[in-house]
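Note: the block below is work.pdb and it holds PDB, C-alpha atoms, pLDDT in the B column.
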ATOM      1  CA  MET A 219     103.522 109.045 114.127  1.00 85.00           C
ATOM      2  CA  ARG A 220     102.163 105.814 115.624  1.00 90.00           C
ATOM      3  CA  THR A 221     100.468 104.950 112.358  1.00 90.00           C
ATOM      4  CA  ALA A 222     103.703 105.433 110.423  1.00 92.00           C
ATOM      5  CA  LEU A 223     105.703 103.387 112.914  1.00 94.00           C
ATOM      6  CA  LEU A 224     103.187 100.562 112.907  1.00 94.00           C
ATOM      7  CA  CYS A 225     102.755 100.354 109.130  1.00 94.00           C
ATOM      8  CA  GLY A 226     106.461 100.873 108.407  1.00 95.00           C
ATOM      9  CA  THR A 227     107.558  98.248 110.897  1.00 96.00           C
ATOM     10  CA  VAL A 228     105.047  95.675 109.669  1.00 96.00           C
ATOM     11  CA  ALA A 229     106.017  96.265 106.023  1.00 96.00           C
ATOM     12  CA  GLY A 230     109.735  96.107 106.859  1.00 96.00           C
ATOM     13  CA  LEU A 231     109.261  92.841 108.711  1.00 96.00           C
ATOM     14  CA  LEU A 232     107.281  91.481 105.756  1.00 96.00           C
ATOM     15  CA  CYS A 233     110.203  92.327 103.460  1.00 96.00           C
ATOM     16  CA  ILE A 234     112.644  90.547 105.772  1.00 96.00           C
ATOM     17  CA  GLY A 235     110.246  87.632 106.049  1.00 96.00           C
ATOM     18  CA  TRP A 236     110.052  87.377 102.266  1.00 96.00           C
ATOM     19  CA  VAL A 237     113.839  87.052 101.978  1.00 95.00           C
ATOM     20  CA  LEU A 238     113.852  84.399 104.707  1.00 96.00           C
ATOM     21  CA  PHE A 239     110.967  82.586 102.997  1.00 96.00           C
ATOM     22  CA  LEU A 240     112.915  82.505  99.733  1.00 95.00           C
ATOM     23  CA  TYR A 241     115.968  81.178 101.537  1.00 94.00           C
ATOM     24  CA  LEU A 242     114.045  78.488 103.427  1.00 95.00           C
ATOM     25  CA  THR A 243     112.293  77.301 100.257  1.00 95.00           C
ATOM     26  CA  ASP A 244     115.638  76.914  98.429  1.00 91.00           C
ATOM     27  CA  ASN A 245     115.067  79.876  96.125  1.00 91.00           C
ATOM     28  CA  ASN A 246     117.692  82.518  95.422  1.00 89.00           C
ATOM     29  CA  PRO A 247     117.108  85.162  98.147  1.00 92.00           C
ATOM     30  CA  TYR A 248     119.100  87.711  96.110  1.00 90.00           C
ATOM     31  CA  GLY A 249     117.492  86.999  92.748  1.00 87.00           C
ATOM     32  CA  PRO A 250     114.544  88.407  90.843  1.00 88.00           C
ATOM     33  CA  LYS A 251     111.953  86.901  93.190  1.00 91.00           C
ATOM     34  CA  ARG A 252     113.254  89.199  95.931  1.00 91.00           C
ATOM     35  CA  THR A 253     111.855  92.158  94.015  1.00 90.00           C
ATOM     36  CA  LEU A 254     108.315  90.975  94.693  1.00 92.00           C
ATOM     37  CA  SER A 255     108.725  92.543  98.130  1.00 93.00           C
ATOM     38  CA  ASP A 256     109.177  95.955  96.470  1.00 92.00           C
ATOM     39  CA  PHE A 257     105.400  96.302  96.545  1.00 93.00           C
ATOM     40  CA  PHE A 258     105.193  96.225 100.349  1.00 95.00           C
ATOM     41  CA  PRO A 259     106.308  99.861 100.942  1.00 95.00           C
ATOM     42  CA  PRO A 260     103.778 101.507  98.598  1.00 94.00           C
ATOM     43  CA  ILE A 261     100.968  99.325  99.912  1.00 94.00           C
ATOM     44  CA  ALA A 262     101.941 100.132 103.508  1.00 94.00           C
ATOM     45  CA  ALA A 263     102.166 103.841 102.678  1.00 93.00           C
ATOM     46  CA  VAL A 264      98.661 103.929 101.210  1.00 92.00           C
ATOM     47  CA  VAL A 265      97.263 101.863 104.092  1.00 93.00           C
ATOM     48  CA  SER A 266      98.837 104.285 106.576  1.00 92.00           C
ATOM     49  CA  GLN A 267      97.315 107.225 104.701  1.00 90.00           C
ATOM     50  CA  ILE A 268      93.895 105.576 104.803  1.00 89.00           C
ATOM     51  CA  LEU A 269      94.261 104.901 108.539  1.00 90.00           C
ATOM     52  CA  LEU A 270      95.402 108.481 109.125  1.00 89.00           C
ATOM     53  CA  ARG A 271      92.394 109.791 107.234  1.00 86.00           C
ATOM     54  CA  ARG A 272      90.107 108.004 109.684  1.00 85.00           C
ATOM     55  CA  TYR A 273      91.610 109.946 112.624  1.00 84.00           C
ATOM     56  CA  TYR A 274      90.571 113.345 111.243  1.00 81.00           C
ATOM     57  CA  ALA A 275      86.979 114.375 110.515  1.00 74.00           C
ATOM     58  CA  GLU A 276      88.075 117.097 108.064  1.00 79.00           C
ATOM     59  CA  GLY A 277      90.923 115.019 106.637  1.00 74.00           C
ATOM     60  CA  PRO A 278      94.575 115.077 107.710  1.00 80.00           C
ATOM     61  CA  GLY A 279      95.687 117.711 105.213  1.00 82.00           C
ATOM     62  CA  LEU A 280      98.300 117.457 102.516  1.00 84.00           C
ATOM     63  CA  GLY A 281     101.377 117.658 104.745  1.00 86.00           C
ATOM     64  CA  LYS A 282     100.308 114.951 107.167  1.00 87.00           C
ATOM     65  CA  ALA A 283      98.984 112.661 104.456  1.00 87.00           C
ATOM     66  CA  VAL A 284     102.129 112.837 102.335  1.00 90.00           C
ATOM     67  CA  GLY A 285     104.364 112.896 105.415  1.00 90.00           C
ATOM     68  CA  VAL A 286     102.988 109.673 106.863  1.00 92.00           C
ATOM     69  CA  GLY A 287     103.386 107.928 103.502  1.00 91.00           C
ATOM     70  CA  VAL A 288     106.977 109.090 103.103  1.00 93.00           C
ATOM     71  CA  LEU A 289     107.812 108.184 106.700  1.00 95.00           C
ATOM     72  CA  VAL A 290     106.374 104.683 106.229  1.00 95.00           C
ATOM     73  CA  THR A 291     108.394 104.289 103.045  1.00 95.00           C
ATOM     74  CA  VAL A 292     111.643 105.408 104.696  1.00 95.00           C
ATOM     75  CA  LEU A 293     111.110 103.158 107.713  1.00 96.00           C
ATOM     76  CA  THR A 294     110.219 100.167 105.545  1.00 96.00           C
ATOM     77  CA  ALA A 295     113.235 100.709 103.298  1.00 96.00           C
ATOM     78  CA  LEU A 296     115.576 101.036 106.286  1.00 96.00           C
ATOM     79  CA  LEU A 297     114.273  97.876 107.933  1.00 97.00           C
ATOM     80  CA  ALA A 298     114.326  95.886 104.690  1.00 96.00           C
ATOM     81  CA  ALA A 299     117.865  97.000 103.814  1.00 96.00           C
ATOM     82  CA  THR A 300     119.123  96.315 107.329  1.00 96.00           C
ATOM     83  CA  GLY A 301     117.496  92.889 107.328  1.00 96.00           C
ATOM     84  CA  LEU A 302     118.974  91.978 103.952  1.00 95.00           C
ATOM     85  CA  TYR A 303     122.397  93.221 105.037  1.00 95.00           C
ATOM     86  CA  LEU A 304     122.317  91.147 108.210  1.00 96.00           C
ATOM     87  CA  PHE A 305     121.047  88.136 106.267  1.00 95.00           C
ATOM     88  CA  ALA A 306     123.826  88.465 103.690  1.00 93.00           C
ATOM     89  CA  ARG A 307     126.445  88.814 106.426  1.00 93.00           C
ATOM     90  CA  THR A 308     125.281  85.759 108.352  1.00 94.00           C
ATOM     91  CA  ALA A 309     124.251  83.465 105.485  1.00 90.00           C
ATOM     92  CA  ASP A 310     126.644  81.286 103.575  1.00 87.00           C
ATOM     93  CA  ALA A 311     128.850  83.289 101.183  1.00 85.00           C
ATOM     94  CA  SER A 312     128.299  80.677  98.487  1.00 87.00           C
ATOM     95  CA  LEU A 313     124.734  82.025  98.108  1.00 89.00           C
ATOM     96  CA  ILE A 314     126.123  85.293  96.756  1.00 89.00           C
ATOM     97  CA  GLU A 315     128.446  83.435  94.398  1.00 89.00           C
ATOM     98  CA  GLN A 316     125.560  81.272  93.200  1.00 89.00           C
ATOM     99  CA  HIS A 317     123.488  84.415  92.614  1.00 87.00           C
ATOM    100  CA  LEU A 318     126.283  86.035  90.615  1.00 88.00           C
ATOM    101  CA  VAL A 319     126.571  82.946  88.402  1.00 88.00           C
ATOM    102  CA  GLU A 320     122.812  82.964  87.781  1.00 88.00           C
ATOM    103  CA  ALA A 321     122.759  86.716  87.114  1.00 86.00           C
ATOM    104  CA  ARG A 322     125.653  86.493  84.655  1.00 88.00           C
ATOM    105  CA  GLN A 323     123.917  83.623  82.865  1.00 89.00           C
ATOM    106  CA  LEU A 324     120.697  85.661  82.597  1.00 86.00           C
ATOM    107  CA  LEU A 325     122.663  88.609  81.230  1.00 84.00           C
ATOM    108  CA  GLU A 326     124.424  86.403  78.693  1.00 85.00           C
ATOM    109  CA  ASN A 327     121.039  85.092  77.551  1.00 87.00           C
ATOM    110  CA  ALA A 328     119.817  88.672  77.068  1.00 82.00           C
ATOM    111  CA  LYS A 329     123.023  89.866  75.399  1.00 83.00           C
ATOM    112  CA  SER A 330     121.449  89.915  71.944  1.00 83.00           C
ATOM    113  CA  LEU A 331     118.783  92.331  73.221  1.00 82.00           C
ATOM    114  CA  TYR A 332     121.476  94.642  74.539  1.00 80.00           C
ATOM    115  CA  MET A 333     123.462  94.503  71.310  1.00 82.00           C
ATOM    116  CA  ALA A 334     120.414  95.444  69.237  1.00 83.00           C
ATOM    117  CA  GLN A 335     120.268  98.829  70.997  1.00 82.00           C
ATOM    118  CA  THR A 336     122.520 101.813  70.433  1.00 83.00           C
ATOM    119  CA  ASN A 337     125.322 101.756  73.012  1.00 84.00           C
ATOM    120  CA  GLY A 338     124.207  98.227  73.832  1.00 82.00           C
ATOM    121  CA  ARG A 339     127.703  96.913  74.487  1.00 83.00           C
ATOM    122  CA  GLN A 340     128.375  99.687  77.022  1.00 86.00           C
ATOM    123  CA  GLN A 341     125.024  99.046  78.724  1.00 85.00           C
ATOM    124  CA  PHE A 342     125.698  95.318  78.861  1.00 83.00           C
ATOM    125  CA  GLU A 343     129.164  95.782  80.332  1.00 84.00           C
ATOM    126  CA  ALA A 344     127.923  98.349  82.840  1.00 84.00           C
ATOM    127  CA  THR A 345     125.116  96.038  83.967  1.00 81.00           C
ATOM    128  CA  LEU A 346     127.550  93.156  84.314  1.00 82.00           C
ATOM    129  CA  ARG A 347     130.032  95.310  86.223  1.00 82.00           C
ATOM    130  CA  ASN A 348     127.386  96.759  88.557  1.00 81.00           C
ATOM    131  CA  LEU A 349     126.001  93.454  89.820  1.00 82.00           C
ATOM    132  CA  ALA A 350     125.810  93.550  93.603  1.00 82.00           C
ATOM    133  CA  HIS A 351     128.397  91.244  95.121  1.00 84.00           C
ATOM    134  CA  THR A 352     128.714  92.392  98.753  1.00 89.00           C
ATOM    135  CA  PRO A 353     126.197  92.558 101.601  1.00 91.00           C
ATOM    136  CA  ALA A 354     126.433  96.356 101.585  1.00 92.00           C
ATOM    137  CA  ALA A 355     125.696  96.489  97.849  1.00 89.00           C
ATOM    138  CA  PHE A 356     122.633  94.275  98.284  1.00 90.00           C
ATOM    139  CA  ALA A 357     121.408  96.458 101.150  1.00 93.00           C
ATOM    140  CA  GLN A 358     121.921  99.623  99.110  1.00 93.00           C
ATOM    141  CA  ASP A 359     120.040  98.118  96.172  1.00 91.00           C
ATOM    142  CA  GLU A 360     117.206  97.046  98.464  1.00 92.00           C
ATOM    143  CA  PHE A 361     116.978 100.491 100.072  1.00 95.00           C
ATOM    144  CA  LEU A 362     116.933 102.377  96.772  1.00 94.00           C
ATOM    145  CA  LYS A 363     114.317 100.164  95.138  1.00 92.00           C
ATOM    146  CA  LYS A 364     112.008 100.327  98.147  1.00 93.00           C
ATOM    147  CA  MET A 365     112.397 104.108  98.433  1.00 94.00           C
ATOM    148  CA  LEU A 366     111.806 104.771  94.752  1.00 93.00           C
ATOM    149  CA  LEU A 367     108.593 102.832  94.409  1.00 92.00           C
ATOM    150  CA  GLY A 368     107.331 103.855  97.847  1.00 91.00           C
ATOM    151  CA  ILE A 369     107.836 107.577  97.252  1.00 93.00           C
ATOM    152  CA  LEU A 370     106.333 107.382  93.762  1.00 93.00           C
ATOM    153  CA  ILE A 371     103.124 105.947  95.212  1.00 90.00           C
ATOM    154  CA  SER A 372     102.950 107.701  98.596  1.00 89.00           C
ATOM    155  CA  ILE A 373     102.989 111.256  97.209  1.00 88.00           C
ATOM    156  CA  PRO A 374      99.992 110.822  94.871  1.00 88.00           C
ATOM    157  CA  GLY A 375      98.318 108.686  97.531  1.00 84.00           C
ATOM    158  CA  GLY A 376      98.735 111.481 100.066  1.00 82.00           C
ATOM    159  CA  ILE A 377      97.346 114.036  97.647  1.00 84.00           C
ATOM    160  CA  PHE A 378      94.335 111.863  96.905  1.00 82.00           C
ATOM    161  CA  LEU A 379      93.704 110.922 100.553  1.00 77.00           C
ATOM    162  CA  ARG A 380      94.238 114.355 102.134  1.00 74.00           C
ATOM    163  CA  LYS A 381      90.480 115.022 102.521  1.00 70.00           C
TER     164      LYS A 381
END
The structure in this file should be written as structure tokens.
Amino acid sequence: MRTALLCGTVAGLLCIGWVLFLYLTDNNPYGPKRTLSDFFPPIAAVVSQILLRRYYAEGPGLGKAVGVGVLVTVLTALLAATGLYLFARTADASLIEQHLVEARQLLENAKSLYMAQTNGRQQFEATLRNLAHTPAAFAQDEFLKKMLLGILISIPGGIFLRK
């Protein structure tokens, strides 16, 4: 449990720090560069599984190995989403508007790629409609992305590192 709390907290704080770093360096904290922090949860999950393996001479077993990875992922995702939500609530609202303008411009530039696919117009309109525009939507997006990648890596990592 201590290993999961330590690794999850450190990874969550790294995710929050990344958003603050982007903001302080005049980059879009809601844009594509934010997704670089999506790699922190899986890395933290595997590190926690390696640390857990060192505690047990015979190996932690499948349940503990996968469990610590999943727990680290959940904790990291919760901290990252909470941090982004609080940042979005306290930061200037014009940052969200600026992000939406940039995101719409990127989508317009990629419109020809959408239209070349079957149901491309519907996909384009759905993507445009589903752009996050509230602090809660950004937090939900952050949580889901961190959980997805973290779980996808922590389960095989736990299976591999169980003995």
Explicit residues for the PyMOL selection byres ((chain A and resi 261) around 12) (as JSON, numbers by chain): {"A": [225, 226, 228, 229, 230, 232, 255, 256, 257, 258, 259, 260, 262, 263, 264, 265, 266, 267, 268, 287, 288, 290, 291, 294, 364, 367, 368, 369, 370, 371, 372, 375]}
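Of note, CA of Ala298 in chain A and CA of Phe239 in chain A are spaced 13.8 Å apart.
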Residues matched by the PyMOL selection byres ((chain A and resi 248) around 9) as a PyMOL selection string: chain A and resi 237+240+245-247+249-253+302+306+313-314+317+356
Residues returned when the PyMOL selection byres ((chain A and resi 278) around 12) runs on this file, as a PyMOL selection string: chain A and resi 266-277+279-286+376-381
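From CA of Glu360 in chain A back to CA of Ala299 in chain A, the distance works out to 5.4 Å.
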